[in-house]
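Notes follow once the structure below has been shown.
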Amino acid sequence: MRLVAEECGAPPAMVDAGEARTALERLFAKGCTWREVSRLTGLSKSSIHSIVNAHWRTGKPVARVRRETLEAILAAEGKRSLSAGQYVGCAWMAGWLRDYRSQGVPIAAISRACGIDRQVLDAMVHGKRQRIRARTLYEFVKHKPAIDRMAASIRNEGSER
């Protein structure tokens, strides 16, 4: 008679891949690259690809993954660290820039305040750039309080009229 792991009280060795797939999609949505996800999880890029997109043999995403694989993917979500030259997604930064522009803050003023090239900021606002270097993101976040003060002063000037 053969005992199954669940009957002995042990957790199953294989689990549904849905949770791993959504965790990987969250990592990619945060701007992680395939190489970075591979480094953080310790999995090969082909293993990650078979979970997210399709297995090389079947052409469909895998239905189940090892429990250790799921745990490695879930543990990677909080471990991300960026190097200055690494590319990251800039969708949320572009949203902030559009908000500032709608409040009357010129992109040129934001560029001067942050020390970021105006053409880079314009490309983000107009949707022509989806990724930026981490150092650009860092400079924007570092100078965001000053930009917020600029936006507030512009709003105050508009309300006095």
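As shown in the structure tokens, the chain order sets the letters A, B, ...; within each chain, residues go from 1, and ligands are also counted from 1 in the order they appear.
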
Next on the checklist: What's around A:Glu68 at 12 Å? Count only C-alpha atoms, leave out sequence neighbours fewer than 6 positions away in its own chain, and write the answer as a list in words.
Outcome noted: Pro11, Pro12, Ala13, Met14, Val15, Ala17, Ala20, Thr41, Gly42, Leu43, Leu74 and Ala75 of chain A

Just write the chosen residues, N, CA, C and O atoms, as a PDB file, in the first residue's frame.
```pdb
ATOM      1  N   PRO A  11       2.238  18.562   3.564  1.00  0.00           N
ATOM      2  CA  PRO A  11       1.648  19.371   2.494  1.00  0.00           C
ATOM      3  C   PRO A  11       1.937  18.732   1.136  1.00  0.00           C
ATOM      4  O   PRO A  11       2.934  18.034   0.979  1.00  0.00           O
ATOM      5  N   PRO A  12       1.074  18.954   0.162  1.00  0.00           N
ATOM      6  CA  PRO A  12       1.306  18.361  -1.154  1.00  0.00           C
ATOM      7  C   PRO A  12       2.563  18.930  -1.810  1.00  0.00           C
ATOM      8  O   PRO A  12       2.905  20.097  -1.617  1.00  0.00           O
ATOM      9  N   ALA A  13       3.256  18.083  -2.571  1.00  0.00           N
ATOM     10  CA  ALA A  13       4.487  18.516  -3.233  1.00  0.00           C
ATOM     11  C   ALA A  13       4.176  19.446  -4.397  1.00  0.00           C
ATOM     12  O   ALA A  13       4.952  20.345  -4.695  1.00  0.00           O
ATOM     13  N   MET A  14       3.045  19.247  -5.064  1.00  0.00           N
ATOM     14  CA  MET A  14       2.656  20.070  -6.205  1.00  0.00           C
ATOM     15  C   MET A  14       1.416  20.879  -5.838  1.00  0.00           C
ATOM     16  O   MET A  14       0.509  20.370  -5.194  1.00  0.00           O
ATOM     17  N   VAL A  15       1.396  22.140  -6.247  1.00  0.00           N
ATOM     18  CA  VAL A  15       0.267  23.024  -5.971  1.00  0.00           C
ATOM     19  C   VAL A  15      -0.193  23.674  -7.265  1.00  0.00           C
ATOM     20  O   VAL A  15       0.522  23.659  -8.275  1.00  0.00           O
ATOM     21  N   ALA A  17      -0.746  26.302 -10.083  1.00  0.00           N
ATOM     22  CA  ALA A  17       0.179  27.327 -10.577  1.00  0.00           C
ATOM     23  C   ALA A  17      -0.455  28.710 -10.653  1.00  0.00           C
ATOM     24  O   ALA A  17       0.242  29.682 -10.934  1.00  0.00           O
ATOM     25  N   ALA A  20       1.201  31.268  -8.331  1.00  0.00           N
ATOM     26  CA  ALA A  20       2.551  31.594  -8.811  1.00  0.00           C
ATOM     27  C   ALA A  20       2.472  32.502 -10.033  1.00  0.00           C
ATOM     28  O   ALA A  20       3.247  33.458 -10.172  1.00  0.00           O
ATOM     29  N   THR A  41      14.320  34.764  -7.716  1.00  0.00           N
ATOM     30  CA  THR A  41      13.659  33.511  -7.363  1.00  0.00           C
ATOM     31  C   THR A  41      14.584  32.312  -7.373  1.00  0.00           C
ATOM     32  O   THR A  41      14.303  31.311  -6.724  1.00  0.00           O
ATOM     33  N   GLY A  42      15.670  32.399  -8.140  1.00  0.00           N
ATOM     34  CA  GLY A  42      16.547  31.250  -8.274  1.00  0.00           C
ATOM     35  C   GLY A  42      16.048  30.262  -9.314  1.00  0.00           C
ATOM     36  O   GLY A  42      16.556  29.144  -9.409  1.00  0.00           O
ATOM     37  N   LEU A  43      15.040  30.649 -10.094  1.00  0.00           N
ATOM     38  CA  LEU A  43      14.484  29.790 -11.135  1.00  0.00           C
ATOM     39  C   LEU A  43      15.076  30.165 -12.488  1.00  0.00           C
ATOM     40  O   LEU A  43      15.484  31.304 -12.695  1.00  0.00           O
ATOM     41  N   LEU A  74       6.923  33.736  -4.246  1.00  0.00           N
ATOM     42  CA  LEU A  74       6.273  34.607  -3.264  1.00  0.00           C
ATOM     43  C   LEU A  74       7.300  35.354  -2.412  1.00  0.00           C
ATOM     44  O   LEU A  74       7.083  36.507  -2.042  1.00  0.00           O
ATOM     45  N   ALA A  75       8.426  34.711  -2.113  1.00  0.00           N
ATOM     46  CA  ALA A  75       9.465  35.358  -1.306  1.00  0.00           C
ATOM     47  C   ALA A  75      10.172  36.458  -2.086  1.00  0.00           C
ATOM     48  O   ALA A  75      10.707  37.400  -1.498  1.00  0.00           O
TER      49      ALA A  75
END
```

Next on the checklist: Please identify the alpha helix (DSSP H) residues within chain A (assignment by DSSP from backbone atoms) and present them as a ChimeraX atom specification.
Outcome noted: /A:18-29,34-41,45-52,67-76,91-102,107-114,118-125,134-160

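We find atom CA of A:Arg21 and atom CA of A:Gly95 to be spaced 26.6 Å apart.
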
Item to check | Selected residue, from A:Lys60, A:Arg118, A:Ala113, A:Arg131, that lies nearest to A:Thr33 when counting only C-alpha atoms | outcome: A:Arg131

Residue contacts of A:Gln86 (10 Å, only C-alpha atoms) excluding same-chain residues fewer than 3 positions away, as an mmCIF file with N, CA and C atoms, in the first residue's frame:
```cif
data_model
loop_
_atom_site.group_PDB
_atom_site.id
_atom_site.type_symbol
_atom_site.label_atom_id
_atom_site.label_comp_id
_atom_site.auth_asym_id
_atom_site.auth_seq_id
_atom_site.Cartn_x
_atom_site.Cartn_y
_atom_site.Cartn_z
ATOM 1 N N CYS A 32 9.900 44.577 -13.074
ATOM 2 C CA CYS A 32 10.989 43.599 -13.024
ATOM 3 C C CYS A 32 11.197 42.980 -14.402
ATOM 4 N N THR A 33 12.433 42.730 -14.745
ATOM 5 C CA THR A 33 12.757 42.059 -16.002
ATOM 6 C C THR A 33 12.800 40.549 -15.771
ATOM 7 N N GLU A 36 15.891 39.688 -13.835
ATOM 8 C CA GLU A 36 15.806 40.039 -12.420
ATOM 9 C C GLU A 36 14.925 39.048 -11.662
ATOM 10 N N SER A 81 15.748 45.018 -5.335
ATOM 11 C CA SER A 81 16.624 46.172 -5.152
ATOM 12 C C SER A 81 17.117 46.576 -6.533
ATOM 13 N N LEU A 82 17.198 47.853 -6.762
ATOM 14 C CA LEU A 82 17.533 48.357 -8.088
ATOM 15 C C LEU A 82 18.937 48.919 -8.131
ATOM 16 N N SER A 83 19.606 48.680 -9.231
ATOM 17 C CA SER A 83 20.861 49.377 -9.478
ATOM 18 C C SER A 83 20.510 50.656 -10.242
ATOM 19 N N ARG A 131 9.776 52.736 -20.253
ATOM 20 C CA ARG A 131 10.767 52.340 -19.258
ATOM 21 C C ARG A 131 11.808 53.452 -19.107
ATOM 22 N N ILE A 132 12.288 53.627 -17.889
ATOM 23 C CA ILE A 132 13.331 54.611 -17.603
ATOM 24 C C ILE A 132 14.368 53.961 -16.704
ATOM 25 N N ARG A 133 15.486 54.595 -16.581
ATOM 26 C CA ARG A 133 16.515 54.087 -15.671
ATOM 27 C C ARG A 133 16.106 54.381 -14.225
ATOM 28 N N ALA A 134 16.541 53.528 -13.334
ATOM 29 C CA ALA A 134 16.191 53.671 -11.914
ATOM 30 C C ALA A 134 16.708 54.986 -11.346
ATOM 31 N N ARG A 135 17.844 55.476 -11.831
ATOM 32 C CA ARG A 135 18.366 56.749 -11.311
ATOM 33 C C ARG A 135 17.431 57.905 -11.643
#
```

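If you measure from each of A:Tyr87, A:Trp96, A:Phe140, A:Trp56 to A:Ser111 using only C-alpha atoms, the closest one turns out to be A:Phe140.
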
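Interatomic distance, atom CA of A:Val125 to atom CA of A:His143: 17.7 Å.
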
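Between atom CA of A:Ile116 and atom CA of A:Gly104 lies a distance of 18.8 Å.
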
Next on the checklist: I'd like to know which residues of stretch 31-125 of chain A are strand (DSSP E or B) (by DSSP, run on the backbone); could you write them as a VMD selection string?
Outcome noted: chain A and resid 64 to 66 87 to 89

Next on the checklist: Can you pull out the residues contacting stretch 89-92 of chain A? Cut-off 8 Å, using only C-alpha atoms, and skip same-chain residues under 4 positions away; I want them as a VMD selection string.
Outcome noted: chain A and resid 29 to 31 96 124 129 to 132 137

Would you save the residues of that selection, restricted to all heavy atoms, as an mmCIF file, in the first residue's frame?
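The resulting file, again.cif, is reproduced below:
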```
data_model
loop_
_atom_site.group_PDB
_atom_site.id
_atom_site.type_symbol
_atom_site.label_atom_id
_atom_site.label_comp_id
_atom_site.auth_asym_id
_atom_site.auth_seq_id
_atom_site.Cartn_x
_atom_site.Cartn_y
_atom_site.Cartn_z
ATOM 1 N N ALA A 29 4.610 43.573 -13.517
ATOM 2 C CA ALA A 29 3.887 44.847 -13.528
ATOM 3 C C ALA A 29 4.657 45.921 -12.761
ATOM 4 O O ALA A 29 4.537 47.109 -13.070
ATOM 5 C CB ALA A 29 2.495 44.667 -12.921
ATOM 6 N N LYS A 30 5.457 45.522 -11.776
ATOM 7 C CA LYS A 30 6.279 46.481 -11.027
ATOM 8 C C LYS A 30 7.520 46.895 -11.800
ATOM 9 O O LYS A 30 8.285 47.723 -11.332
ATOM 10 C CB LYS A 30 6.700 45.878 -9.691
ATOM 11 C CG LYS A 30 5.569 45.713 -8.717
ATOM 12 C CD LYS A 30 6.071 45.074 -7.441
ATOM 13 C CE LYS A 30 4.931 44.854 -6.470
ATOM 14 N NZ LYS A 30 5.375 44.143 -5.266
ATOM 15 N N GLY A 31 7.724 46.282 -12.965
ATOM 16 C CA GLY A 31 8.866 46.663 -13.790
ATOM 17 C C GLY A 31 10.034 45.708 -13.737
ATOM 18 O O GLY A 31 11.092 46.001 -14.296
ATOM 19 N N TRP A 96 1.831 60.779 -12.706
ATOM 20 C CA TRP A 96 2.109 61.934 -11.858
ATOM 21 C C TRP A 96 2.424 63.157 -12.709
ATOM 22 O O TRP A 96 1.958 64.264 -12.426
ATOM 23 C CB TRP A 96 3.282 61.659 -10.928
ATOM 24 C CG TRP A 96 2.930 60.916 -9.689
ATOM 25 C CD1 TRP A 96 3.242 59.622 -9.406
ATOM 26 C CD2 TRP A 96 2.189 61.397 -8.574
ATOM 27 N NE1 TRP A 96 2.746 59.268 -8.186
ATOM 28 C CE2 TRP A 96 2.093 60.347 -7.645
ATOM 29 C CE3 TRP A 96 1.599 62.616 -8.272
ATOM 30 C CZ2 TRP A 96 1.435 60.477 -6.440
ATOM 31 C CZ3 TRP A 96 0.929 62.745 -7.065
ATOM 32 C CH2 TRP A 96 0.856 61.688 -6.168
ATOM 33 N N MET A 124 7.611 60.468 -21.742
ATOM 34 C CA MET A 124 6.775 59.719 -20.795
ATOM 35 C C MET A 124 5.347 60.240 -20.797
ATOM 36 O O MET A 124 4.393 59.466 -20.810
ATOM 37 C CB MET A 124 7.348 59.820 -19.386
ATOM 38 C CG MET A 124 8.462 58.867 -19.126
ATOM 39 S SD MET A 124 8.884 58.765 -17.396
ATOM 40 C CE MET A 124 9.670 60.321 -17.128
ATOM 41 N N ARG A 129 7.512 56.552 -24.128
ATOM 42 C CA ARG A 129 8.543 55.869 -23.356
ATOM 43 C C ARG A 129 7.855 55.104 -22.233
ATOM 44 O O ARG A 129 7.077 55.682 -21.476
ATOM 45 C CB ARG A 129 9.523 56.897 -22.788
ATOM 46 C CG ARG A 129 10.653 56.297 -22.002
ATOM 47 C CD ARG A 129 11.563 57.381 -21.506
ATOM 48 N NE ARG A 129 12.495 57.764 -22.539
ATOM 49 C CZ ARG A 129 13.798 57.531 -22.475
ATOM 50 N NH1 ARG A 129 14.293 56.919 -21.437
ATOM 51 N NH2 ARG A 129 14.597 57.923 -23.429
ATOM 52 N N GLN A 130 8.130 53.801 -22.147
ATOM 53 C CA GLN A 130 7.516 52.969 -21.121
ATOM 54 C C GLN A 130 8.482 52.587 -20.007
ATOM 55 O O GLN A 130 8.065 52.128 -18.957
ATOM 56 C CB GLN A 130 6.953 51.673 -21.733
ATOM 57 C CG GLN A 130 5.682 51.875 -22.533
ATOM 58 C CD GLN A 130 5.932 52.500 -23.886
ATOM 59 O OE1 GLN A 130 6.932 52.212 -24.530
ATOM 60 N NE2 GLN A 130 5.043 53.380 -24.307
ATOM 61 N N ARG A 131 9.776 52.736 -20.253
ATOM 62 C CA ARG A 131 10.767 52.340 -19.258
ATOM 63 C C ARG A 131 11.808 53.452 -19.107
ATOM 64 O O ARG A 131 12.145 54.121 -20.070
ATOM 65 C CB ARG A 131 11.442 51.034 -19.661
ATOM 66 C CG ARG A 131 10.420 49.905 -19.792
ATOM 67 C CD ARG A 131 11.016 48.618 -20.249
ATOM 68 N NE ARG A 131 11.909 47.980 -19.316
ATOM 69 C CZ ARG A 131 11.537 47.350 -18.200
ATOM 70 N NH1 ARG A 131 10.284 47.284 -17.895
ATOM 71 N NH2 ARG A 131 12.413 46.786 -17.418
ATOM 72 N N ILE A 132 12.288 53.627 -17.889
ATOM 73 C CA ILE A 132 13.331 54.611 -17.603
ATOM 74 C C ILE A 132 14.368 53.961 -16.704
ATOM 75 O O ILE A 132 14.128 52.914 -16.118
ATOM 76 C CB ILE A 132 12.766 55.871 -16.910
ATOM 77 C CG1 ILE A 132 11.985 55.480 -15.655
ATOM 78 C CG2 ILE A 132 11.929 56.692 -17.850
ATOM 79 C CD1 ILE A 132 11.584 56.631 -14.788
ATOM 80 N N LEU A 137 14.115 57.637 -11.963
ATOM 81 C CA LEU A 137 13.009 57.464 -11.028
ATOM 82 C C LEU A 137 13.396 57.971 -9.640
ATOM 83 O O LEU A 137 12.628 58.674 -8.981
ATOM 84 C CB LEU A 137 12.610 55.992 -10.969
ATOM 85 C CG LEU A 137 11.514 55.606 -10.003
ATOM 86 C CD1 LEU A 137 10.195 56.218 -10.436
ATOM 87 C CD2 LEU A 137 11.394 54.100 -9.941
#
```

Checklist entry - Near A:His126, counting only C-alpha atoms, which residues have an atom at most 10 Å away, once you skip same-chain residues fewer than 4 positions from it, shown as number ranges by chain? => result A: 94, 98, 121-122
